[in-house]
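query30.pdb follows; it contains PDB, C-alpha atoms.
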MODEL        1
ATOM      1  CA  MET A 197     -29.777  29.868  16.782  1.00  0.00           C
ATOM      2  CA  TYR A 198     -26.917  30.751  19.094  1.00  0.00           C
ATOM      3  CA  GLU A 199     -26.609  27.096  20.133  1.00  0.00           C
ATOM      4  CA  SER A 200     -26.208  25.866  16.574  1.00  0.00           C
ATOM      5  CA  PHE A 201     -23.617  28.578  15.879  1.00  0.00           C
ATOM      6  CA  TYR A 202     -21.764  27.633  19.069  1.00  0.00           C
ATOM      7  CA  ARG A 203     -21.706  23.935  18.061  1.00  0.00           C
ATOM      8  CA  TYR A 204     -20.448  24.877  14.602  1.00  0.00           C
ATOM      9  CA  THR A 205     -17.574  26.954  15.980  1.00  0.00           C
ATOM     10  CA  GLN A 206     -16.658  24.191  18.450  1.00  0.00           C
ATOM     11  CA  ARG A 207     -16.437  21.729  15.590  1.00  0.00           C
ATOM     12  CA  LEU A 208     -14.057  24.016  13.731  1.00  0.00           C
ATOM     13  CA  GLN A 209     -11.649  24.136  16.657  1.00  0.00           C
ATOM     14  CA  HIS A 210     -10.997  20.397  16.608  1.00  0.00           C
ATOM     15  CA  PRO A 211      -8.498  19.216  14.010  1.00  0.00           C
ATOM     16  CA  VAL A 212      -9.863  17.127  11.186  1.00  0.00           C
ATOM     17  CA  ARG A 213      -8.833  13.510  11.435  1.00  0.00           C
ATOM     18  CA  ARG A 214      -7.297  12.434   8.142  1.00  0.00           C
ATOM     19  CA  ARG A 215      -7.063   8.912   6.868  1.00  0.00           C
ATOM     20  CA  GLU A 216      -3.619   7.430   6.623  1.00  0.00           C
ATOM     21  CA  ARG A 217      -2.403   6.616   3.158  1.00  0.00           C
ATOM     22  CA  ARG A 218      -2.268   3.013   2.154  1.00  0.00           C
ATOM     23  CA  THR A 219       1.285   1.806   1.805  1.00  0.00           C
ATOM     24  CA  ASN A 220       0.471  -1.268  -0.251  1.00  0.00           C
ATOM     25  CA  ARG A 221      -0.222   0.451  -3.550  1.00  0.00           C
ATOM     26  CA  GLY A 222       0.570  -1.791  -6.464  1.00  0.00           C
ATOM     27  CA  GLU A 223       0.248  -4.893  -4.337  1.00  0.00           C
ATOM     28  CA  ILE A 224      -2.157  -7.530  -5.634  1.00  0.00           C
ATOM     29  CA  LYS A 225      -3.817  -9.615  -2.948  1.00  0.00           C
ATOM     30  CA  PRO A 226      -3.901 -13.381  -3.527  1.00  0.00           C
ATOM     31  CA  GLY A 227      -7.336 -14.562  -4.661  1.00  0.00           C
ATOM     32  CA  SER A 228      -8.536 -11.100  -5.689  1.00  0.00           C
ATOM     33  CA  SER A 229     -10.103 -10.508  -9.079  1.00  0.00           C
ATOM     34  CA  SER A 230      -6.915  -8.771 -10.240  1.00  0.00           C
ATOM     35  CA  ASP A 231      -4.898 -11.821  -9.197  1.00  0.00           C
ATOM     36  CA  GLN A 232      -7.261 -14.164 -11.048  1.00  0.00           C
ATOM     37  CA  VAL A 233      -7.142 -12.069 -14.228  1.00  0.00           C
ATOM     38  CA  LEU A 234      -3.344 -11.842 -14.071  1.00  0.00           C
ATOM     39  CA  ASN A 235      -2.976 -15.604 -13.525  1.00  0.00           C
ATOM     40  CA  LEU A 236      -5.289 -16.359 -16.461  1.00  0.00           C
ATOM     41  CA  LEU A 237      -3.315 -14.074 -18.757  1.00  0.00           C
ATOM     42  CA  LYS A 238      -0.048 -15.648 -17.528  1.00  0.00           C
ATOM     43  CA  GLU A 239      -1.362 -19.129 -18.356  1.00  0.00           C
ATOM     44  CA  GLU A 240      -2.419 -18.064 -21.848  1.00  0.00           C
ATOM     45  CA  HIS A 241       0.791 -16.112 -22.609  1.00  0.00           C
ATOM     46  CA  PRO A 242       1.655 -15.239 -25.456  1.00  0.00           C
ATOM     47  CA  LYS A 243      -1.970 -15.348 -26.664  1.00  0.00           C
ATOM     48  CA  TYR A 244      -4.228 -12.300 -26.468  1.00  0.00           C
ATOM     49  CA  LEU A 245      -7.616 -12.608 -24.751  1.00  0.00           C
ATOM     50  CA  THR A 246     -10.603 -10.325 -25.145  1.00  0.00           C
ATOM     51  CA  ARG A 247     -12.618  -9.039 -22.206  1.00  0.00           C
ATOM     52  CA  ALA A 248     -15.483 -11.357 -23.153  1.00  0.00           C
ATOM     53  CA  GLN A 249     -13.182 -14.401 -23.050  1.00  0.00           C
ATOM     54  CA  ILE A 250     -11.854 -13.384 -19.631  1.00  0.00           C
ATOM     55  CA  VAL A 251     -15.388 -12.880 -18.264  1.00  0.00           C
ATOM     56  CA  LYS A 252     -16.443 -16.277 -19.626  1.00  0.00           C
ATOM     57  CA  ARG A 253     -13.510 -18.140 -18.055  1.00  0.00           C
ATOM     58  CA  LEU A 254     -13.545 -16.541 -14.613  1.00  0.00           C
ATOM     59  CA  ASP A 255     -16.285 -16.640 -11.999  1.00  0.00           C
ATOM     60  CA  VAL A 256     -15.901 -12.925 -11.268  1.00  0.00           C
ATOM     61  CA  PRO A 257     -18.398 -10.084 -11.849  1.00  0.00           C
ATOM     62  CA  PRO A 258     -17.728  -8.236 -15.134  1.00  0.00           C
ATOM     63  CA  LYS A 259     -17.410  -4.867 -13.369  1.00  0.00           C
ATOM     64  CA  SER A 260     -14.545  -6.126 -11.224  1.00  0.00           C
ATOM     65  CA  ILE A 261     -12.865  -7.599 -14.312  1.00  0.00           C
ATOM     66  CA  ASP A 262     -13.069  -4.174 -15.976  1.00  0.00           C
ATOM     67  CA  TRP A 263     -11.515  -2.573 -12.903  1.00  0.00           C
ATOM     68  CA  SER A 264      -8.822  -5.248 -12.744  1.00  0.00           C
ATOM     69  CA  LEU A 265      -7.904  -4.827 -16.404  1.00  0.00           C
ATOM     70  CA  ASN A 266      -7.532  -1.071 -15.980  1.00  0.00           C
ATOM     71  CA  TYR A 267      -5.561  -1.495 -12.740  1.00  0.00           C
ATOM     72  CA  LEU A 268      -3.191  -4.111 -14.159  1.00  0.00           C
ATOM     73  CA  GLN A 269      -2.636  -2.016 -17.252  1.00  0.00           C
ATOM     74  CA  ALA A 270      -1.793   1.015 -15.094  1.00  0.00           C
ATOM     75  CA  LEU A 271       0.715  -1.097 -13.149  1.00  0.00           C
ATOM     76  CA  GLY A 272       2.290  -2.247 -16.402  1.00  0.00           C
ATOM     77  CA  LYS A 273       1.622  -5.925 -15.729  1.00  0.00           C
ATOM     78  CA  ILE A 274      -0.531  -6.458 -18.834  1.00  0.00           C
ATOM     79  CA  ARG A 275      -0.673  -4.982 -22.307  1.00  0.00           C
ATOM     80  CA  GLY A 276      -3.896  -3.786 -23.905  1.00  0.00           C
ATOM     81  CA  HIS A 277      -4.049  -3.962 -27.676  1.00  0.00           C
ATOM     82  CA  SER A 278      -6.815  -2.450 -29.771  1.00  0.00           C
ATOM     83  CA  ALA A 279      -7.828  -4.953 -32.376  1.00  0.00           C
ATOM     84  CA  LEU A 280      -9.320  -3.971 -35.699  1.00  0.00           C
ATOM     85  CA  ASP A 281     -12.275  -2.279 -34.039  1.00  0.00           C
ATOM     86  CA  LYS A 282     -11.499   0.911 -32.102  1.00  0.00           C
ATOM     87  CA  ARG A 283     -15.110   1.648 -31.081  1.00  0.00           C
ATOM     88  CA  SER A 284     -14.935   0.629 -27.472  1.00  0.00           C
ATOM     89  CA  PRO A 285     -12.542  -0.774 -24.858  1.00  0.00           C
ATOM     90  CA  LEU A 286     -14.744  -3.880 -24.891  1.00  0.00           C
ATOM     91  CA  TYR A 287     -13.034  -4.865 -28.144  1.00  0.00           C
ATOM     92  CA  LYS A 288      -9.529  -4.606 -26.708  1.00  0.00           C
ATOM     93  CA  GLN A 289      -7.354  -7.656 -26.396  1.00  0.00           C
ATOM     94  CA  TYR A 290      -5.141  -8.194 -23.375  1.00  0.00           C
ATOM     95  CA  GLN A 291      -1.873 -10.023 -22.924  1.00  0.00           C
ATOM     96  CA  TYR A 292       0.445 -10.672 -19.987  1.00  0.00           C
ATOM     97  CA  ARG A 293       3.501  -8.435 -20.163  1.00  0.00           C
ATOM     98  CA  ASP A 294       6.539 -10.598 -19.533  1.00  0.00           C
ATOM     99  CA  GLU A 295       8.928  -9.067 -16.990  1.00  0.00           C
ATOM    100  CA  ARG A 296      12.013 -10.123 -18.936  1.00  0.00           C
ATOM    101  CA  ASN A 297      11.175  -8.355 -22.188  1.00  0.00           C
ATOM    102  CA  LYS A 298       8.977  -5.339 -21.515  1.00  0.00           C
ATOM    103  CA  ALA A 299       8.332  -3.818 -24.880  1.00  0.00           C
TER     104      ALA A 299
ENDMDL
END

Please express what this file holds, its structure, as structure tokens.
Amino acid sequence: MYESFYRYTQRLQHPVRRRERRTNRGEIKPGSSSDQVLNLLKEEHPKYLTRAQIVKRLDVPPKSIDWSLNYLQALGKIRGHSALDKRSPLYKQYQYRDERNKA
């Protein structure tokens, strides 16, 4: 019992190694799912696309498309518009937000 207590106290004396923060927040890597979704919405601008249409056109898992849509919306690169049905985010329509006229 003393040995385990001794090991525990020795562990507490060493400083905890913290991870460094990523400096590339907001950066979209070329070829990533976010990049593919953004490029598709740029090509179809000014049309709105639903999540189902985006999933159908891209060869990307639906979960990563969901993450990409949320991420791009948080960055302000795309606009999410609730259509007639407000039941679920699956019914949202997405559009590329043009840099020149952000409204």

Next item on the list: Grab the CA of Trp263 in chain A to CA of Arg247 in chain A distance for me, in Å with one decimal place.
Entry: 11.4 Å

Next item on the list: For CA of Gln291 in chain A and CA of Pro242 in chain A, quote the distance in Å rounded to one decimal.
Entry: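 Computing it gives 6.8 Å between the two atoms.
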
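CA of Leu271 in chain A lies 12.1 Å from CA of Glu295 in chain A.
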
Item checked: All residues 12 Å or closer to Leu234 in chain A, only C-alpha atoms, same chain fewer than 3 positions away omitted, as number ranges by chain -> A: 224-231, 237-241, 245, 250, 254, 261, 264-269, 271-275, 290-294

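Of the residues listed (A:Ser260, A:Gln232, A:Glu223, A:Thr246), A:Thr246 shows the shortest atom-to-atom separation from Lys288 in chain A; distances use all atoms listed in the file.
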